[in-house]
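Data first, discussion second: the structure below is written as structure tokens.
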Amino acid sequence: MATTSKALFRGAATTTTTTLLYTVPASTTTVVTDIVVTNTAGSAGTFTISLNDVSIATTVSVGAYDSTVIPLKQVLATTQTIKGGASATTINLHISGVEIS
């Protein structure tokens with residue numbers, strides 16, 4: 001059984017809160033370990049994240065030039081997904097985890 005730490009998603013959010021960010025590969029279990037949200041704009045924004053269509057953060061505010069850290073240990077099975085988005089593309093998402101295959 002191989003265990004690989006990896007970035008599950010890193011990049012600018014879209015303004016569609018149901019954008020697919022990650023899908024667990026075949027024959028794999030993924031543990032989502034951390035989500036860091038950064039706002040590079042001079043005004044506050046919001047973000048939404050769901051794990052397998054269950055919201056873990058809905059329209060959460062992140063201040064101007066600020067960051068929000070969500071430490072968690074959530075298990076996703078094969079084909080399950082992470083979706084999310086934000087109020088502006090100046091919101092960046094950094095989602096880390098471990099894939100077990």
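Chain lettering (A, B, ...) mirrors the order of the structure tokens, residue numbering begins at 1 for each chain separately, and ligand numbering begins at 1 in order of display.
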Spatial neighbours of Thr90 (chain A), max dist 6 Å, only C-alpha atoms, sep filter under 4 positions, as a PyMOL selection string: chain A and resi 39-41
For the residues selected in the previous step, produce a file with C-alpha atoms as a short mmCIF file (atom, residue, chain, number, x, y, z; two decimals), in the first residue's frame.
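Dumped everything to again07.cif:
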data_model
loop_
_atom_site.label_atom_id
_atom_site.label_comp_id
_atom_site.auth_asym_id
_atom_site.auth_seq_id
_atom_site.Cartn_x
_atom_site.Cartn_y
_atom_site.Cartn_z
CA ASN A 39 -7.11 36.55 -0.56
CA THR A 40 -4.73 38.63 -2.66
CA ALA A 41 -7.18 41.52 -3.10
#
Shell of 7 Å around His94 (chain A), only C-alpha atoms, local chain residues under 4 positions omitted, as an MDAnalysis selection string: chainID A and resid 9:11 35:37
Test item, strand (DSSP E or B) assignment across chain A, answer as a VMD selection string: chain A and resid 3 to 12 19 to 23 29 to 39 45 to 51 54 to 62 67 to 76 81 to 86 91 to 100
Close residues, Ile95 (chain A) itself excluded, 12 Å, only C-alpha atoms, min 6 positions apart in chain, as a PyMOL selection string: chain A and resi 5-13+21-22+30-38+49-51+68-74+82-84
Residue neighbourhood Ala64 (chain A), 6 Å, only C-alpha atoms, exclusion window fewer than 4 positions, as an mmCIF file with C-alpha atoms, in the first residue's frame:
data_model
loop_
_atom_site.group_PDB
_atom_site.id
_atom_site.type_symbol
_atom_site.label_atom_id
_atom_site.label_comp_id
_atom_site.auth_asym_id
_atom_site.auth_seq_id
_atom_site.Cartn_x
_atom_site.Cartn_y
_atom_site.Cartn_z
ATOM 1 C CA ALA A 41 -7.181 41.520 -3.100
ATOM 2 C CA GLY A 42 -7.626 44.741 -1.165
ATOM 3 C CA SER A 43 -11.232 43.894 -0.328
ATOM 4 C CA ALA A 44 -12.829 40.985 1.531
#
Exercise: Pro25 (chain A) partners within 12 Å, only C-alpha atoms, chain neighbours under 2 positions left out, as a PyMOL selection string: chain A and resi 8+22-23+27-30+76-81+99-101
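Here CA of Ala26 (chain A) and CA of Phe47 (chain A) stand 28.3 Å from one another.
Restricting the calculation to only C-alpha atoms, the smallest distance between Ser61 (chain A) and any of A:Met1, A:Ala86, A:Leu93, A:Leu20 is found for A:Ala86.
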Straight-line distance linking CA of Thr19 (chain A) with CA of Ser96 (chain A), stated in Å to one decimal: 17.2 Å
